[in-house]
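Heads up: the structure comes next, in structure tokens.
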Amino acid sequence: MNQSISAAEELAALTAHDASCRLAEGTVSSVQLTQLMLDRIAASQNNAFITVNPKALEEAAAADARRQKGEARGPLDGIPMALKDNISTQGLRTTCASRMLAEFVPPYSATVARRLSEAGCVLLGKLNMDEFAMGSTSENSYFGPVRNPRDPQRIAGGSSGGSAAAVAENLAYFTLGSDTGGSVRQPAAMCGVMGMKPTYGRISRYGVVAFASSLDQIGPITKDAQDCALVLNAIAGKDLYDGSSLVNPLPDYLDALKDGAAGLRIGIPKEYMGEGISEEVRMAVERMAGLLEAQGAIVETCSLPRTEYALSAYYVISSAEACSNLGRYDGVKYGYRTQAYANLAEMIEKTRSEGFGDEVKRRILLGTYTLSAGYFDAYYKRAQQARTLIMEDFRKVFHQYDVLLTPTSPVTAWTLGQKHANPLEIYAMDVCTVSVNVAGLPALSLPCGTDSQGLPIGAQFIANTLGEAVLLRAAAAAEKGGRA
Amino acid sequence: MTITIETVQHIAHLAKLQLSETEMFRLADEMEKIVGFADKLSELDIEGVKPTTHAVAVQNVLRDDELKPSYDREKILQNAPERDAACFLVPKVVE
């Protein structure tokens with residue numbers, strides 16, 4: 001490899017905070033970083049991007065001009081990043097990886113997109129995903145599956161597969177994904193990067209295409225804990241346009257990184273380490289627990305007895321809410337419309353049948369079924385009651401522990417197409433992540449080694465409501481332990 | 001719980017989806033498995049347990065009803081599959 005190529009590789013592999021230092025020193029410009037990312041995106045074979053922003057270099061030039069005038073906006077000014085394609089971007093198509101929205105150009109930007117833009121970030125483009133964020137593999141995309149940069153024959157995880165793959169392949173310094181049942185954390189685990197799902201309501205969802213409104217949350221995917229804190233600082237907080245966003249005061253998340261593991265009380269819920277969890281994954285998580293213990297953390301086994309009901313409750317609640325949210329796609333005001341129809345009813349039915357993919361149809365039907373006359377009490381209401389019990393379990397253990405430590409996914413990335421025949425088998429893979437959404441809690445996935453095939457393993461920290469800072473504290477300590 | 005073809009047909013109608021016969025058979029089978037999986041919830045003792053709709057309770061959020069500029073009509077209509085002047089165009093719905 002010649003020197004200029006390896007210098008470019010090194011520049012691309014920087015964390016966002018290191019790239020930010022280079023920008024501040026003046027040893028590199030935002031235009032250079034952006035051009036580097038655009039070249040890499042063009043050369044990549046992993047299908048992480050659906051759309052590249054034609055104005056990226058223009059935005060980068062504006063960031064460089066600000067800096068030259070001494071008006072740089074902060075640590076993210078000039079940093080190239082990308083957004084999952086269910087986050088609306090004014091003037092740049094936002095497809096949700098669906099035929100239904102393949103040509104949709106939003107008339108406004110999501111609050112998170114606007115906040116990052118105001119922080120000076122350069123938008124590189126929009127990232128591939130499972131259609132309408134429904135899936136755990138990023139294979140359910142109208143634009144084709146995402147490939148895992150660690151092994152292109154394998155899934156990148158999902159639904160934010162493009163967001164995780166882009167960070168892992170150094171195609172963006174960080175990305176945003178959305179997490180309804182693990183969709184930020186699981187792909188982050190499978191691609192070997194960090195992903196956080198903050199507390200329900202911590203980040204505005206205005207302008208993010210709704211999947212399951214009582215579970216959805218936006219989250220950053222980054223190369224380390226410091227970058228995660230930087231992005232959270234830029235996007236978290238109350239938004240007048242999202243009634244569910246929380247008013248609670250915001251800490252400076254960077255402060256949490258310094259605290260170290262000493263005295264940190266870590267619980268390992270036994271229900272997350274038993275049957276169904278691969279031996280290699282379990283051992284990697286235990287190894288991480290050992291590293292933290294060596295730094296002074298207190299590690300104990302605990303129990304969340306109602307865990308086994310979380311998956312059923314999750315699929316009932318999320319599908320019910322999805323079928324309601326997706327009722328709006330009727331081919332009238334925006335999106336796909338079928339070509340030939342005799343009347344309005346036929347137009348709507350054909351539009352929806354041609355516009356949605358298989359998995360989306362499956363969830364709409366499941367949701368419609370569980371909400372239909374005679375079944376509401378047995379499914380939807382019962383799932384919401386299970387939700388109360390699952391939250392109670394968490395509330396109890398958080399009296400004793402600052403964070404919980406679990407695997408993010410029971411297995412590492414599987415081969416593309418391997419589980420197509422049985423949707424239920426894929427649903428079962430969400431077992432470690434869904435209870436967090438059901439309870440509205442914050443959680444973070446970080447790399448904790450690789451399996452015998454060299455595939456990344458993810459460990460998950462879960463904290464109590466608004467405990468993002470303690471998640472970052474634990475993650476920063478775990479990173480340090482890994483390097484020592 | 002058995003999911004029959006008739007059930008799938010009925011549900012698809014409610015959900016405004018048209019399914020081919022092949023899709024209908026496949027979905028009846030898949031839904032039966034998925035609903036069977038959701039039936040796990042019936043094991044739970046939920047006597048007297050209150051349902052949770054949102055994990056983080058937020059009260060009604062109110063604001064003053066002030067007049068503010070909204071989105072430009074022309075921009076909104078640009079995404080319309082079919083339009084006529086300032087209207088979304090749909091097939092005739094009244095005779």
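Chain lettering (A, B, ...) mirrors the order of the structure tokens, residue numbering begins at 1 for each chain separately, and ligand numbering begins at 1 in order of display.
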
TODO: Report as a PyMOL selection string the set of chain B residues whose atoms approach chain A to within 8 Å, with distances computed over only C-alpha atoms.
DONE: chain B and resi 8+11-12+14-19+27+30-31+33-35+37-42+44+46+49-56+58+60-61+71+75-77+79-82+88-93

Can you write just those residues out, C-alpha atoms, as a tab-separated table (two decimals), in the first residue's frame?
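selection-v4.tsv, written as the output of this step:
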chain	number	residue	atom	x	y	z
B	8	VAL	CA	-56.60	-13.42	6.60
B	11	ILE	CA	-57.96	-8.77	8.17
B	12	ALA	CA	-56.48	-7.83	4.79
B	14	LEU	CA	-59.64	-4.12	7.18
B	15	ALA	CA	-55.98	-3.21	6.53
B	16	LYS	CA	-56.73	-2.20	2.92
B	17	LEU	CA	-54.37	-4.75	1.41
B	18	GLN	CA	-55.01	-6.95	-1.64
B	19	LEU	CA	-53.37	-10.35	-1.36
B	27	LEU	CA	-49.60	-15.47	5.54
B	30	GLU	CA	-47.00	-17.38	9.25
B	31	MET	CA	-49.63	-15.49	11.23
B	33	LYS	CA	-47.13	-19.11	14.19
B	34	ILE	CA	-46.69	-15.47	15.19
B	35	VAL	CA	-50.03	-15.26	16.98
B	37	PHE	CA	-46.02	-16.90	19.92
B	38	ALA	CA	-47.98	-13.86	21.17
B	39	ASP	CA	-50.24	-16.29	23.05
B	40	LYS	CA	-47.38	-16.70	25.51
B	41	LEU	CA	-48.84	-13.59	27.15
B	42	SER	CA	-51.83	-15.66	28.29
B	44	LEU	CA	-49.07	-14.10	32.71
B	46	ILE	CA	-52.37	-9.86	34.93
B	49	VAL	CA	-52.42	-4.89	36.57
B	50	LYS	CA	-52.83	-1.49	34.94
B	51	PRO	CA	-51.89	-1.27	31.25
B	52	THR	CA	-48.99	1.05	30.33
B	53	THR	CA	-49.44	3.03	27.12
B	54	HIS	CA	-46.22	5.04	27.34
B	55	ALA	CA	-43.19	4.05	29.39
B	56	VAL	CA	-42.33	7.62	30.25
B	58	VAL	CA	-45.83	12.88	29.75
B	60	ASN	CA	-50.92	16.73	27.91
B	61	VAL	CA	-48.69	19.32	26.34
B	71	TYR	CA	-45.57	25.22	5.08
B	75	LYS	CA	-44.06	22.76	-1.70
B	76	ILE	CA	-46.51	20.36	-0.02
B	77	LEU	CA	-48.27	19.67	-3.33
B	79	ASN	CA	-45.19	15.30	-3.52
B	80	ALA	CA	-48.76	14.70	-4.71
B	81	PRO	CA	-49.10	11.71	-7.05
B	82	GLU	CA	-51.75	13.65	-8.96
B	88	PHE	CA	-54.94	16.64	-4.42
B	89	LEU	CA	-56.66	14.72	-7.17
B	90	VAL	CA	-58.46	11.43	-6.36
B	91	PRO	CA	-61.03	9.35	-8.25
B	92	LYS	CA	-64.63	10.54	-7.98
B	93	VAL	CA	-66.11	9.49	-4.61

- [ ] Name the residues of range 31-91 of chain B that fall into alpha helix (DSSP H) according to DSSP on the backbone, using the chain letters and numbers of this document, as a PyMOL selection string.
- [x] chain B and resi 31-38+73-77

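Using only C-alpha atoms, the protein and nucleic acid residues lying no more than 7 Å from Ala443 in chain A, apart from those fewer than 5 places from it along its own chain, are Met196, Lys197, Pro198, Gln460, Phe461, Ile462, Ala463 and Leu471 of chain A.
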
Using N, CA and C atoms, can you write the selected residues to a file as a PDB file, in the first residue's frame?
ATOM      1  N   MET A 196     -26.257   3.840  20.693  1.00  0.00           N
ATOM      2  CA  MET A 196     -27.048   4.117  21.889  1.00  0.00           C
ATOM      3  C   MET A 196     -28.513   4.358  21.547  1.00  0.00           C
ATOM      4  N   LYS A 197     -29.393   3.751  22.343  1.00  0.00           N
ATOM      5  CA  LYS A 197     -30.809   4.119  22.329  1.00  0.00           C
ATOM      6  C   LYS A 197     -31.081   4.890  23.605  1.00  0.00           C
ATOM      7  N   PRO A 198     -31.281   6.199  23.512  1.00  0.00           N
ATOM      8  CA  PRO A 198     -31.537   6.982  24.724  1.00  0.00           C
ATOM      9  C   PRO A 198     -32.932   6.713  25.295  1.00  0.00           C
ATOM     10  N   GLN A 460     -24.262  -5.079  25.917  1.00  0.00           N
ATOM     11  CA  GLN A 460     -25.246  -4.018  26.124  1.00  0.00           C
ATOM     12  C   GLN A 460     -25.265  -3.578  27.586  1.00  0.00           C
ATOM     13  N   PHE A 461     -25.201  -2.264  27.796  1.00  0.00           N
ATOM     14  CA  PHE A 461     -25.463  -1.689  29.112  1.00  0.00           C
ATOM     15  C   PHE A 461     -26.872  -1.098  29.096  1.00  0.00           C
ATOM     16  N   ILE A 462     -27.612  -1.345  30.158  1.00  0.00           N
ATOM     17  CA  ILE A 462     -28.956  -0.769  30.305  1.00  0.00           C
ATOM     18  C   ILE A 462     -28.957   0.071  31.578  1.00  0.00           C
ATOM     19  N   ALA A 463     -29.517   1.280  31.520  1.00  0.00           N
ATOM     20  CA  ALA A 463     -29.602   2.123  32.716  1.00  0.00           C
ATOM     21  C   ALA A 463     -31.050   2.484  32.993  1.00  0.00           C
ATOM     22  N   LEU A 471     -24.460   5.257  31.377  1.00  0.00           N
ATOM     23  CA  LEU A 471     -24.138   4.339  30.268  1.00  0.00           C
ATOM     24  C   LEU A 471     -22.802   4.730  29.647  1.00  0.00           C
TER      25      LEU A 471
END

Open item on the list: List as a ChimeraX atom specification the protein and nucleic acid residues near Ser20 in chain A, meaning an atom at most 12 Å away when only C-alpha atoms are counted, but skip any in the same chain fewer than 5 places from it.
Closed with: /A:11,14-15,25-30,33,63,67,72-80,120-121,173,226-227,230

Using C-alpha atoms, can you write the selected residues to a file as a compact mmCIF listing (two decimals), in the first residue's frame?
# COMPACT_ATOMS: atom_id res chain seq x y z
CA LEU A 11 -7.78 9.92 8.16
CA LEU A 14 -10.37 8.74 12.89
CA THR A 15 -13.06 9.18 15.51
CA GLU A 25 -5.45 22.55 14.15
CA GLY A 26 -6.00 23.34 10.49
CA THR A 27 -4.15 20.22 9.32
CA VAL A 28 -7.20 19.11 7.37
CA SER A 29 -10.30 20.84 5.98
CA SER A 30 -13.92 19.77 6.05
CA LEU A 33 -12.75 15.01 4.92
CA ALA A 63 -17.93 24.97 7.43
CA ARG A 67 -13.64 28.28 10.62
CA ALA A 72 -16.51 27.64 14.05
CA ARG A 73 -19.66 26.47 15.83
CA GLY A 74 -18.32 23.76 18.09
CA PRO A 75 -16.75 20.31 18.14
CA LEU A 76 -18.94 18.89 15.34
CA ASP A 77 -18.52 21.78 12.90
CA GLY A 78 -17.32 20.41 9.57
CA ILE A 79 -17.70 16.73 10.57
CA PRO A 80 -19.22 14.60 7.77
CA GLY A 120 -22.12 22.51 11.53
CA CYS A 121 -22.19 18.85 10.51
CA TYR A 173 -17.59 9.84 11.14
CA GLN A 226 -16.68 10.25 23.47
CA ASP A 227 -18.27 10.60 20.02
CA LEU A 230 -20.67 14.66 21.55

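With distances restricted to only C-alpha atoms, A:Met81 is the closest residue to Ala19 in chain A from A:Ala236, A:Leu57, A:Ile298, A:Met81.
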
TODO: Excluding Ser183 in chain A and residues on its chain fewer than 4 positions from it, collect all residues at most 6 Å away from it, counting only C-alpha atoms, and give them as a PyMOL selection string.
DONE: chain A and resi 158-160+179

Those residues you just picked out, can you put them in a file as a short mmCIF file (atom, residue, chain, number, x, y, z; two decimals), in the first residue's frame with C-alpha atoms?
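File produced: part25.cif:
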data_model
loop_
_atom_site.label_atom_id
_atom_site.label_comp_id
_atom_site.auth_asym_id
_atom_site.auth_seq_id
_atom_site.Cartn_x
_atom_site.Cartn_y
_atom_site.Cartn_z
CA GLY A 158 -31.01 -4.07 11.42
CA SER A 159 -33.02 -2.16 11.06
CA SER A 160 -30.34 0.59 11.07
CA ASP A 179 -34.37 2.08 17.63
#

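Residue nearest Ala297 in chain A within the list A:Ala477, A:Ala413, A:Val434, A:Ala156: A:Ala477 [criterion: smallest interatomic distance, only C-alpha atoms].
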
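The coordinates place CA of Asp18 in chain A at 26.3 Å from CA of Ile87 in chain A.
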
Give me the residues near Gly195 in chain A as a CSV table (one decimal) with N, CA and C atoms, in the first residue's frame, where near means some atom within 6 Å (using only C-alpha atoms) and where sequence neighbours in that chain fewer than 4 positions away do not count.
chain,number,residue,atom,x,y,z
A,184,VAL,N,-30.9,0.2,16.7
A,184,VAL,CA,-29.6,0.9,16.7
A,184,VAL,C,-28.5,0.0,17.3
A,185,ARG,N,-28.9,-0.7,18.4
A,185,ARG,CA,-27.9,-1.4,19.2
A,185,ARG,C,-27.5,-2.7,18.4
A,188,ALA,N,-25.2,-2.2,15.4
A,188,ALA,CA,-24.0,-1.7,16.0
A,188,ALA,C,-23.1,-2.9,16.5
A,220,PRO,N,-27.5,7.7,18.3
A,220,PRO,CA,-26.3,7.8,17.5
A,220,PRO,C,-25.5,6.5,17.4
A,221,ILE,N,-24.9,6.3,16.3
A,221,ILE,CA,-23.9,5.2,16.1
A,221,ILE,C,-22.6,5.8,15.8
A,444,LEU,N,-27.1,1.0,25.6
A,444,LEU,CA,-26.0,1.2,24.7
A,444,LEU,C,-25.3,-0.1,24.4
A,445,SER,N,-24.9,-0.3,23.1
A,445,SER,CA,-24.2,-1.5,22.7
A,445,SER,C,-22.8,-1.1,22.4
